[in-house]
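> Below is the file model_31.tsv, with TSV, C-alpha atoms.
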```tsv
chain	number	residue	atom	x	y	z
A	1	MET	CA	0.00	0.00	0.00
A	2	THR	CA	1.17	3.53	-0.73
A	3	SER	CA	0.71	6.39	1.71
A	4	ALA	CA	-1.41	9.39	0.77
A	5	ALA	CA	0.43	12.28	-0.85
A	6	PRO	CA	1.28	15.08	1.63
A	7	ARG	CA	-1.21	17.93	1.74
A	8	ARG	CA	-0.05	21.32	0.52
A	9	LEU	CA	0.15	24.14	3.06
A	10	ALA	CA	0.23	27.77	1.98
A	11	LEU	CA	0.69	31.02	3.84
A	12	VAL	CA	-1.94	33.54	2.64
A	13	VAL	CA	-1.44	37.26	3.26
A	14	ILE	CA	-3.17	40.43	2.16
A	15	ALA	CA	-0.96	43.50	2.49
A	16	ARG	CA	-0.67	47.17	1.68
A	17	ASP	CA	2.30	49.44	2.39
A	18	GLU	CA	4.03	46.86	4.59
A	19	ALA	CA	7.53	46.95	3.09
A	20	GLY	CA	9.10	47.47	6.51
A	21	ARG	CA	7.45	44.45	8.14
A	22	ILE	CA	6.52	41.79	5.61
A	23	ALA	CA	10.01	40.25	5.39
A	24	ARG	CA	9.82	39.39	9.10
A	25	LEU	CA	6.60	37.45	8.52
A	26	LEU	CA	7.77	35.65	5.39
A	27	ASP	CA	11.14	34.68	6.86
A	28	SER	CA	9.47	33.27	9.99
A	29	VAL	CA	7.03	31.08	8.05
A	30	ARG	CA	8.96	30.11	4.91
A	31	PRO	CA	10.71	27.01	6.37
A	32	TRP	CA	7.39	25.44	7.32
A	33	VAL	CA	5.10	25.92	4.29
A	34	ASP	CA	4.99	24.86	0.66
A	35	ASP	CA	3.89	28.20	-0.76
A	36	MET	CA	3.46	31.84	0.27
A	37	LEU	CA	0.88	33.99	-1.49
A	38	VAL	CA	0.90	37.76	-0.88
A	39	LEU	CA	-2.02	39.69	-2.31
A	40	ASP	CA	-1.10	43.35	-2.57
A	41	THR	CA	-4.11	45.65	-2.24
A	42	GLY	CA	-2.58	48.85	-3.58
A	43	SER	CA	0.81	49.51	-1.99
A	44	ARG	CA	2.58	52.77	-2.67
A	45	ASP	CA	5.83	51.41	-1.25
A	46	ALA	CA	8.00	48.40	-2.14
A	47	THR	CA	5.80	45.77	-0.48
A	48	PRO	CA	5.45	43.63	-3.65
A	49	GLN	CA	9.17	43.72	-4.38
A	50	VAL	CA	10.15	42.87	-0.78
A	51	ALA	CA	7.62	40.03	-0.67
A	52	ALA	CA	8.93	38.55	-3.90
A	53	ALA	CA	12.53	38.86	-2.71
A	54	HIS	CA	11.64	36.84	0.38
A	55	GLY	CA	10.07	33.97	-1.51
A	56	ALA	CA	6.41	34.90	-1.93
A	57	ARG	CA	4.21	34.73	-4.99
A	58	VAL	CA	2.73	38.20	-5.41
A	59	ALA	CA	-0.64	39.03	-6.91
A	60	HIS	CA	-2.63	42.25	-7.00
A	61	PHE	CA	-6.16	43.20	-5.98
A	62	THR	CA	-8.14	46.41	-6.37
A	63	TRP	CA	-9.23	47.40	-2.87
A	64	CYS	CA	-13.02	47.60	-2.44
A	65	ASP	CA	-13.43	48.31	1.31
A	66	ASP	CA	-14.06	44.62	2.00
A	67	PHE	CA	-11.48	42.53	3.84
A	68	ALA	CA	-13.40	39.28	3.24
A	69	ALA	CA	-13.41	39.89	-0.51
A	70	ALA	CA	-9.64	40.40	-0.50
A	71	ARG	CA	-8.95	37.39	1.71
A	72	ASN	CA	-11.20	35.14	-0.35
A	73	HIS	CA	-9.49	36.20	-3.56
A	74	ALA	CA	-6.11	35.41	-1.98
A	75	LEU	CA	-7.35	32.01	-0.76
A	76	GLN	CA	-8.61	31.19	-4.24
A	77	LEU	CA	-5.23	32.05	-5.74
A	78	ALA	CA	-3.35	30.04	-3.11
A	79	GLY	CA	-5.45	26.94	-3.75
A	80	ALA	CA	-3.81	24.73	-1.12
A	81	ASP	CA	-5.21	21.94	1.04
A	82	TRP	CA	-4.43	24.01	4.15
A	83	HIS	CA	-4.15	27.79	4.42
A	84	LEU	CA	-2.35	29.66	7.17
A	85	VAL	CA	-3.86	33.17	7.17
A	86	LEU	CA	-1.64	35.86	8.68
A	87	ASP	CA	-1.17	39.61	8.31
A	88	ALA	CA	1.99	41.44	7.37
A	89	ASP	CA	2.42	42.89	10.87
A	90	GLU	CA	2.39	39.39	12.39
A	91	TRP	CA	5.11	36.73	12.56
A	92	LEU	CA	5.48	33.14	13.67
A	93	ILE	CA	7.05	32.83	17.12
A	94	ASP	CA	6.65	29.11	17.71
A	95	GLY	CA	4.92	26.06	16.27
A	96	GLY	CA	6.61	25.34	12.96
A	97	GLU	CA	6.54	21.61	13.64
A	98	ALA	CA	2.77	21.76	14.09
A	99	LEU	CA	2.52	23.40	10.69
A	100	GLN	CA	4.59	20.64	9.15
A	101	ALA	CA	2.32	18.04	10.73
A	102	LEU	CA	-0.65	19.47	8.84
A	103	ARG	CA	0.77	17.92	5.67
A	104	GLN	CA	-0.22	14.54	7.10
A	105	SER	CA	-3.61	15.71	8.43
A	106	ALA	CA	-6.88	15.60	6.54
A	107	PRO	CA	-8.29	19.14	6.30
A	108	GLY	CA	-11.39	18.36	8.34
A	109	PHE	CA	-11.08	20.98	11.09
A	110	VAL	CA	-10.25	24.65	11.60
A	111	GLY	CA	-7.08	25.36	13.54
A	112	VAL	CA	-6.87	28.05	16.22
A	113	LEU	CA	-3.59	29.76	17.05
A	114	GLN	CA	-2.48	31.99	19.90
A	115	LEU	CA	-1.92	35.63	18.94
A	116	ARG	CA	0.27	37.69	21.26
A	117	ASP	CA	-0.83	41.24	20.62
A	118	ARG	CA	1.58	43.94	21.76
A	119	PHE	CA	0.21	47.32	22.77
A	120	ASP	CA	1.44	50.50	24.47
A	121	GLN	CA	0.47	50.35	28.14
A	122	ALA	CA	2.26	53.57	29.09
A	123	PRO	CA	4.91	55.80	27.51
A	124	GLY	CA	7.91	53.58	26.88
A	125	GLN	CA	6.13	50.51	28.23
A	126	GLN	CA	4.49	47.74	26.23
A	127	ALA	CA	2.16	44.98	27.35
A	128	GLU	CA	0.86	41.88	25.65
A	129	ALA	CA	-2.70	40.58	25.30
A	130	ILE	CA	-3.64	37.08	24.20
A	131	ALA	CA	-6.20	36.25	21.52
A	132	TRP	CA	-7.18	32.86	20.09
A	133	LEU	CA	-7.97	33.10	16.40
A	134	SER	CA	-9.13	30.69	13.70
A	135	ARG	CA	-6.32	31.15	11.19
A	136	VAL	CA	-5.54	27.63	9.93
A	137	LEU	CA	-8.21	26.85	7.35
A	138	PRO	CA	-9.02	23.90	5.12
A	139	GLY	CA	-8.80	24.78	1.44
A	140	PRO	CA	-12.51	25.46	0.71
A	141	VAL	CA	-13.21	27.66	3.78
A	142	ARG	CA	-13.92	31.31	2.99
A	143	TYR	CA	-14.55	34.54	4.92
A	144	ALA	CA	-17.53	36.83	5.42
A	145	GLY	CA	-17.52	40.36	6.81
A	146	ARG	CA	-16.45	43.73	5.49
A	147	VAL	CA	-14.08	44.19	8.46
A	148	HIS	CA	-13.00	41.91	11.32
A	149	GLU	CA	-14.03	39.19	8.91
A	150	GLN	CA	-14.62	35.66	10.15
A	151	PRO	CA	-14.19	32.27	8.42
A	152	GLN	CA	-17.52	30.60	7.66
A	153	HIS	CA	-17.70	26.87	8.34
A	154	GLY	CA	-19.38	24.13	10.33
A	155	LEU	CA	-16.20	22.19	11.08
A	156	PRO	CA	-14.72	21.17	14.42
A	157	VAL	CA	-12.32	23.75	15.89
A	158	ARG	CA	-8.99	22.63	17.33
A	159	ARG	CA	-6.36	24.64	19.18
A	160	LEU	CA	-2.90	24.15	17.69
A	161	PRO	CA	0.47	24.83	19.36
A	162	LEU	CA	1.07	27.84	17.13
A	163	VAL	CA	2.16	31.17	18.61
A	164	VAL	CA	2.09	34.33	16.49
A	165	GLY	CA	3.22	37.84	17.41
A	166	HIS	CA	1.47	41.05	16.37
A	167	ASP	CA	2.61	44.65	16.78
A	168	GLY	CA	0.22	46.45	14.46
A	169	TYR	CA	-1.22	48.64	17.22
A	170	VAL	CA	2.00	49.98	18.69
A	171	GLY	CA	3.19	53.56	18.42
A	172	GLU	CA	3.07	55.08	14.97
A	173	ARG	CA	1.35	51.99	13.58
A	174	LEU	CA	-1.68	52.84	15.69
A	175	ALA	CA	-1.77	56.38	14.33
A	176	ASP	CA	-1.47	55.11	10.75
A	177	LYS	CA	-4.59	52.94	11.16
A	178	ARG	CA	-6.75	55.60	12.77
A	179	GLY	CA	-10.16	55.83	11.12
A	180	ARG	CA	-9.70	52.93	8.71
A	181	ASN	CA	-11.48	50.22	10.66
A	182	ARG	CA	-13.90	52.70	12.24
A	183	ARG	CA	-15.32	53.66	8.88
A	184	LEU	CA	-15.66	50.07	7.76
A	185	LEU	CA	-17.25	48.99	11.05
A	186	GLN	CA	-19.80	51.78	10.85
A	187	GLN	CA	-20.56	50.81	7.27
A	188	ALA	CA	-20.92	47.15	8.25
A	189	LEU	CA	-23.28	48.05	11.09
A	190	ALA	CA	-25.39	50.15	8.72
A	191	GLU	CA	-25.67	47.11	6.43
A	192	THR	CA	-26.42	44.64	9.24
A	193	PRO	CA	-30.08	43.85	10.05
A	194	ARG	CA	-30.99	44.59	13.65
A	195	GLY	CA	-30.73	41.40	15.67
A	196	ALA	CA	-28.43	39.63	13.21
A	197	PRO	CA	-26.15	37.08	14.94
A	198	HIS	CA	-22.99	39.05	14.20
A	199	GLU	CA	-24.34	42.46	15.29
A	200	PRO	CA	-22.96	42.22	18.88
A	201	TYR	CA	-19.51	41.36	17.55
A	202	LEU	CA	-19.46	44.46	15.36
A	203	TRP	CA	-20.42	46.72	18.29
A	204	TYR	CA	-17.73	45.06	20.41
A	205	GLN	CA	-15.12	45.64	17.72
A	206	LEU	CA	-16.25	49.26	17.28
A	207	GLY	CA	-15.88	49.78	21.02
A	208	LYS	CA	-12.36	48.34	20.93
A	209	ASP	CA	-11.42	50.61	18.04
A	210	CYS	CA	-12.64	53.67	19.95
A	211	ALA	CA	-10.92	52.56	23.16
A	212	VAL	CA	-7.44	52.21	21.66
A	213	TYR	CA	-7.62	55.90	20.74
A	214	ASP	CA	-8.86	56.85	24.24
A	215	GLU	CA	-12.29	57.82	22.91
A	216	HIS	CA	-13.96	56.41	26.00
A	217	ALA	CA	-17.45	57.87	25.56
A	218	ALA	CA	-17.74	56.39	22.07
A	219	ALA	CA	-16.28	53.12	23.35
A	220	GLU	CA	-18.82	52.89	26.17
A	221	ASP	CA	-21.67	53.62	23.77
A	222	ALA	CA	-20.58	50.76	21.51
A	223	PHE	CA	-19.94	48.35	24.40
A	224	ALA	CA	-23.34	49.16	25.92
A	225	ARG	CA	-25.02	48.44	22.59
A	226	ALA	CA	-23.25	45.09	22.41
A	227	CYS	CA	-24.23	44.25	25.99
A	228	ALA	CA	-27.87	45.01	25.24
A	229	LEU	CA	-28.04	42.24	22.65
A	230	PRO	CA	-28.92	38.82	24.11
A	231	ALA	CA	-26.34	36.81	22.17
A	232	ALA	CA	-23.37	38.82	23.42
A	233	ALA	CA	-22.98	37.21	26.85
A	234	ALA	CA	-22.49	33.78	25.30
A	235	ALA	CA	-19.76	34.95	22.90
A	236	PRO	CA	-16.15	33.84	23.44
A	237	TRP	CA	-15.06	37.50	23.62
A	238	TRP	CA	-17.57	38.43	26.35
A	239	LEU	CA	-15.10	38.67	29.25
A	240	ASP	CA	-12.80	40.86	27.18
A	241	LEU	CA	-15.73	43.20	26.52
A	242	VAL	CA	-16.56	43.24	30.25
A	243	SER	CA	-13.03	44.31	31.24
A	244	ARG	CA	-12.84	46.88	28.48
A	245	ARG	CA	-16.22	48.35	29.41
A	246	LEU	CA	-15.25	48.63	33.07
A	247	PHE	CA	-12.11	50.52	32.04
A	248	ALA	CA	-14.09	52.88	29.79
A	249	LEU	CA	-16.59	53.62	32.56
A	250	LYS	CA	-13.72	54.33	34.97
A	251	CYS	CA	-12.12	56.75	32.50
A	252	LEU	CA	-15.47	58.53	32.16
A	253	GLY	CA	-15.74	58.90	35.95
A	254	ARG	CA	-18.83	56.69	35.98
A	255	HIS	CA	-17.69	54.54	38.89
A	256	ALA	CA	-21.17	53.72	40.17
A	257	ASP	CA	-22.17	52.40	36.74
A	258	ALA	CA	-18.93	50.40	36.58
A	259	VAL	CA	-19.53	48.83	40.00
A	260	ASP	CA	-23.15	48.04	39.13
A	261	PHE	CA	-22.07	46.39	35.89
A	262	ALA	CA	-19.31	44.45	37.66
A	263	GLN	CA	-21.82	43.14	40.18
A	264	THR	CA	-23.83	41.60	37.35
A	265	GLN	CA	-20.69	39.87	36.02
A	266	MET	CA	-19.25	38.33	39.19
A	267	ALA	CA	-20.27	34.82	38.18
A	268	ALA	CA	-19.09	35.22	34.58
A	269	GLY	CA	-15.74	36.67	35.69
A	270	ALA	CA	-15.14	34.33	38.60
A	271	GLU	CA	-12.12	32.69	36.91
A	272	SER	CA	-10.80	35.78	35.12
A	273	PRO	CA	-7.81	37.67	36.51
A	274	ASP	CA	-8.47	40.39	33.92
A	275	PHE	CA	-11.93	40.97	35.38
A	276	PHE	CA	-10.69	41.31	38.96
A	277	PHE	CA	-7.67	43.37	37.92
A	278	THR	CA	-9.92	45.90	36.20
A	279	LEU	CA	-12.39	45.88	39.09
A	280	GLY	CA	-9.56	46.69	41.50
A	281	ASP	CA	-8.47	49.51	39.20
A	282	VAL	CA	-12.00	50.95	39.14
A	283	LEU	CA	-12.27	50.83	42.94
A	284	LEU	CA	-8.83	52.39	43.45
A	285	ASP	CA	-9.70	55.26	41.12
A	286	LEU	CA	-12.95	55.77	43.02
A	287	ALA	CA	-11.05	55.83	46.34
A	288	ALA	CA	-8.66	58.44	44.95
A	289	ARG	CA	-11.56	60.63	43.84
A	290	GLN	CA	-13.61	60.05	47.00
A	291	PRO	CA	-11.13	59.89	49.90
A	292	ALA	CA	-13.96	59.66	52.43
A	293	GLN	CA	-14.79	56.21	51.00
A	294	ALA	CA	-11.20	54.95	50.95
A	295	GLY	CA	-11.45	53.09	54.24
A	296	GLU	CA	-14.42	51.12	52.94
A	297	LEU	CA	-12.94	50.54	49.49
A	298	LEU	CA	-9.36	49.51	50.32
A	299	PRO	CA	-10.26	46.00	51.56
A	300	MET	CA	-12.25	45.42	48.36
A	301	ILE	CA	-9.34	46.68	46.25
A	302	GLU	CA	-6.91	44.38	48.02
A	303	ASP	CA	-9.31	41.47	47.67
A	304	ALA	CA	-9.65	42.05	43.92
A	305	TRP	CA	-5.89	41.96	43.32
A	306	GLN	CA	-5.37	39.07	45.72
A	307	ARG	CA	-7.98	37.23	43.67
A	308	CYS	CA	-5.89	37.91	40.55
A	309	LEU	CA	-2.85	36.33	42.17
A	310	ALA	CA	-4.87	33.35	43.38
A	311	LEU	CA	-6.20	32.76	39.86
A	312	GLY	CA	-2.79	33.20	38.25
A	313	GLU	CA	-2.11	33.77	34.58
A	314	ARG	CA	-4.89	32.51	32.31
A	315	PRO	CA	-3.56	32.87	28.74
A	316	GLU	CA	-6.25	30.52	27.45
A	317	GLN	CA	-8.87	33.21	28.09
A	318	ALA	CA	-9.75	35.63	25.29
A	319	GLY	CA	-8.18	39.05	25.76
A	320	ALA	CA	-5.95	37.97	28.66
A	321	VAL	CA	-3.27	40.58	29.39
A	322	ALA	CA	0.04	39.11	30.51
A	323	GLY	CA	0.79	40.02	34.12
A	324	ARG	CA	-2.72	40.59	35.40
A	325	GLY	CA	-2.56	37.24	37.16
A	326	SER	CA	0.98	37.87	38.43
A	327	PHE	CA	3.38	40.84	38.38
A	328	LEU	CA	0.93	43.61	37.39
A	329	ALA	CA	-1.53	42.67	40.13
A	330	ALA	CA	1.33	42.24	42.62
A	331	HIS	CA	2.75	45.67	41.74
A	332	ASN	CA	-0.61	47.39	42.24
A	333	LEU	CA	-1.23	45.55	45.48
A	334	ALA	CA	2.25	46.42	46.76
A	335	VAL	CA	1.58	50.11	46.12
A	336	VAL	CA	-1.56	49.89	48.27
A	337	LEU	CA	0.32	48.01	51.01
A	338	GLU	CA	3.08	50.62	51.04
A	339	GLY	CA	0.48	53.36	51.31
A	340	THR	CA	-1.05	51.70	54.36
A	341	ASP	CA	2.22	51.21	56.30
A	342	ARG	CA	2.77	47.57	55.33
A	343	ALA	CA	6.13	47.96	53.65
A	344	ALA	CA	7.39	44.51	54.64
A	345	GLU	CA	4.36	42.83	53.05
A	346	ALA	CA	4.83	44.94	49.93
A	347	ALA	CA	8.52	43.98	49.67
A	348	ALA	CA	7.70	40.29	50.02
A	349	LEU	CA	5.07	40.58	47.32
A	350	ARG	CA	7.45	42.32	44.92
A	351	ALA	CA	10.05	39.63	45.54
A	352	ALA	CA	7.52	36.87	44.87
A	353	TYR	CA	6.30	38.44	41.62
A	354	PRO	CA	9.25	40.31	40.04
A	355	TRP	CA	8.66	42.51	37.03
A	356	PRO	CA	9.93	40.66	33.92
```
The structure in this file should be written as structure tokens.

Amino acid sequence: MTSAAPRRLALVVIARDEAGRIARLLDSVRPWVDDMLVLDTGSRDATPQVAAAHGARVAHFTWCDDFAAARNHALQLAGADWHLVLDADEWLIDGGEALQALRQSAPGFVGVLQLRDRFDQAPGQQAEAIAWLSRVLPGPVRYAGRVHEQPQHGLPVRRLPLVVGHDGYVGERLADKRGRNRRLLQQALAETPRGAPHEPYLWYQLGKDCAVYDEHAAAEDAFARACALPAAAAAPWWLDLVSRRLFALKCLGRHADAVDFAQTQMAAGAESPDFFFTLGDVLLDLAARQPAQAGELLPMIEDAWQRCLALGERPEQAGAVAGRGSFLAAHNLAVVLEGTDRAAEAAALRAAYPWP
């Protein structure tokens, strides 16, 4: 008996004006795939030339304000048994062997990878959030959605040991993207029938887009609209929305609304260090603004961050920010301990959870 021929695996990328980043992606993936297809959507820089120099097949597409249309055209051109779908500002960190193993796997499931998304937490300081995304697709699977497009399928979903980095929302990259997704999200919402299954997801994504530019009132409006739709609470991104909404309400000075909302989510967030980290942040900000309540609030603040440490890091949860179950929570708690004459406890906590 002869063994089945290995399946073909192709990297599929859509890109525009990514000459400074696309080589990093292609070099990280090239040893593990059979083909790399880059679909250029109108670059004004040397993206096509750089992609070709680093081993990719390059094709061109006239941009039509529809990410799904571009991705589907690229998938059609790639024509492989398996497609690894990445963006030019991403790169493979780990998991090449798992990609190679796909050549011996029947394309009967959708593979989920871990995305480590870098973002600016403070001037000169970056943090990392975790997302789990369906990016390893059997050949026939296609996308739907003008923006934040999603693969459409009824296949089993399997997490793969693939780790991908992303820095598309850091520094000047964030400024470059301002307004692009917002316009497409608003257009998608205008085209979406009220009550459609994907409507909450679009409001959630619109809220995220507003939040990264510190437009907290617009973010809260979008998050509230998502929360008002019944399907939202069952979505895999729900806890990320909860934490983001609490932060937006804090920034707006709406602490009472934030606490009321948090009370409704205690059961949902019971295993989420991100939820308790943000709750502690809300309560600390309230104590700073209302010193008369500090004595009542401090035990609750400490309890929230102690809960983070008890839960530990939970990278398997959508939107998990590295450190909220360890060094970030410990740092915040140590500051509170130092401010309440418990310097020895604070020092022990810092030693137990050192900043990386």
> Set the distance at 8 Å and use only C-alpha atoms: which residues neighbour A:Val85 once local chain neighbours fewer than 2 positions away are removed? I'd like the list as JSON, numbers by chain.
{"A": [11, 12, 13, 83, 87, 135, 136, 137]}
> Using only C-alpha atoms, find each residue of stretch 95-159 of chain A with at least one atom at most 8 Å away from an atom of stretch 306-326 of chain A; report its shortest atom-to-atom pair and that distance in Å (one decimal), sort the rows by chain and rising residue number, and return the result as a Markdown table.

```
| residue | atom | partner | partner_atom | distance |
| --- | --- | --- | --- | --- |
| A:Ala127 | CA | A:Ala322 | CA | 7.0 |
| A:Glu128 | CA | A:Ala322 | CA | 5.7 |
| A:Ala129 | CA | A:Val321 | CA | 4.1 |
| A:Ile130 | CA | A:Ala320 | CA | 5.1 |
| A:Ala131 | CA | A:Ala318 | CA | 5.2 |
| A:Trp132 | CA | A:Ala318 | CA | 6.4 |
```
> Please list as a compact mmCIF listing (two decimals) with C-alpha atoms, in the coordinates of the input every residue within 7 Å of A:Tyr204, counting only C-alpha atoms and excluding residues in the same chain fewer than 2 positions away.

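Generated file (part_15.txt):
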```
# COMPACT_ATOMS: atom_id res chain seq x y z
CA PRO A 200 -22.96 42.22 18.88
CA TYR A 201 -19.51 41.36 17.55
CA LEU A 202 -19.46 44.46 15.36
CA LEU A 206 -16.25 49.26 17.28
CA GLY A 207 -15.88 49.78 21.02
CA LYS A 208 -12.36 48.34 20.93
CA ALA A 222 -20.58 50.76 21.51
CA PHE A 223 -19.94 48.35 24.40
CA ALA A 226 -23.25 45.09 22.41
CA LEU A 241 -15.73 43.20 26.52
```
> Give me, as a PyMOL selection string, all polymer residues having an atom no more than 10 Å from A:Leu92, counting only C-alpha atoms and skipping those fewer than 2 positions away in the same chain.
chain A and resi 24-30+86+90+94-96+115+162-166
> Give me, as a tab-separated table, each residue of stretch 160-221 of chain A that comes within 10 Å of stretch 250-263 of chain A, together with its shortest interatomic pair and the distance in Å at one decimal, counting all atoms listed in the file, with rows ordered by chain and rising residue number.

```
residue	atom	partner	partner_atom	distance
A:Asp214	CA	A:Cys251	CA	8.9
A:Glu215	CA	A:Cys251	CA	9.7
A:His216	CA	A:Leu252	CA	6.7
A:Ala217	CA	A:Leu252	CA	6.9
A:Glu220	CA	A:Leu252	CA	8.9
```
> With all atoms listed in the file as the basis for distance, which of A:Ile14, A:Val212, A:Leu133, A:Ala188 is at the shortest distance from A:Pro236?
A:Leu133
> Can you tell me how far atom CA of A:Leu84 sits from atom CA of A:Glu199, in Å to one decimal?
26.7 Å
> Choose the residue, out of A:Gln126, A:Gln205, A:Ser43, A:Gln150, that has the smallest atom-to-atom separation from A:Ala59; count all atoms listed in the file.
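That would be A:Ser43, the residue with the smallest distance to A:Ala59.
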> Where atoms are missing, can you supply N, CA, C and O atoms for stretch 261-272 of chain A and output the lot as a short mmCIF file (atom, residue, chain, number, x, y, z; two decimals), in the frame of the given file?

```cif
data_model
loop_
_atom_site.label_atom_id
_atom_site.label_comp_id
_atom_site.auth_asym_id
_atom_site.auth_seq_id
_atom_site.Cartn_x
_atom_site.Cartn_y
_atom_site.Cartn_z
N PHE A 261 -22.29 47.34 36.98
CA PHE A 261 -22.07 46.39 35.89
C PHE A 261 -21.21 45.21 36.37
O PHE A 261 -21.49 44.05 36.07
N ALA A 262 -20.17 45.52 37.14
CA ALA A 262 -19.31 44.45 37.66
C ALA A 262 -20.10 43.48 38.53
O ALA A 262 -19.86 42.26 38.48
N GLN A 263 -21.02 44.02 39.32
CA GLN A 263 -21.82 43.14 40.18
C GLN A 263 -22.61 42.13 39.36
O GLN A 263 -22.77 40.97 39.77
N THR A 264 -23.06 42.53 38.20
CA THR A 264 -23.83 41.60 37.35
C THR A 264 -22.94 40.56 36.70
O THR A 264 -23.45 39.56 36.17
N GLN A 265 -21.62 40.76 36.73
CA GLN A 265 -20.69 39.87 36.02
C GLN A 265 -19.81 39.06 36.95
O GLN A 265 -18.87 38.41 36.50
N MET A 266 -20.11 39.05 38.24
CA MET A 266 -19.25 38.33 39.19
C MET A 266 -19.18 36.84 38.88
O MET A 266 -18.11 36.23 38.98
N ALA A 267 -20.29 36.25 38.50
CA ALA A 267 -20.27 34.82 38.18
C ALA A 267 -19.51 34.57 36.88
O ALA A 267 -18.68 33.66 36.79
N ALA A 268 -19.77 35.40 35.86
CA ALA A 268 -19.09 35.22 34.58
C ALA A 268 -17.58 35.41 34.71
O ALA A 268 -16.80 34.72 34.05
N GLY A 269 -17.17 36.36 35.56
CA GLY A 269 -15.74 36.67 35.69
C GLY A 269 -15.04 35.96 36.81
O GLY A 269 -13.89 36.29 37.11
N ALA A 270 -15.68 34.97 37.41
CA ALA A 270 -15.14 34.33 38.60
C ALA A 270 -13.75 33.73 38.40
O ALA A 270 -12.96 33.65 39.34
N GLU A 271 -13.42 33.31 37.19
CA GLU A 271 -12.12 32.69 36.91
C GLU A 271 -11.23 33.58 36.06
O GLU A 271 -10.26 33.11 35.47
N SER A 272 -11.53 34.87 36.00
CA SER A 272 -10.80 35.78 35.12
C SER A 272 -9.96 36.78 35.91
O SER A 272 -10.50 37.69 36.54
#
```
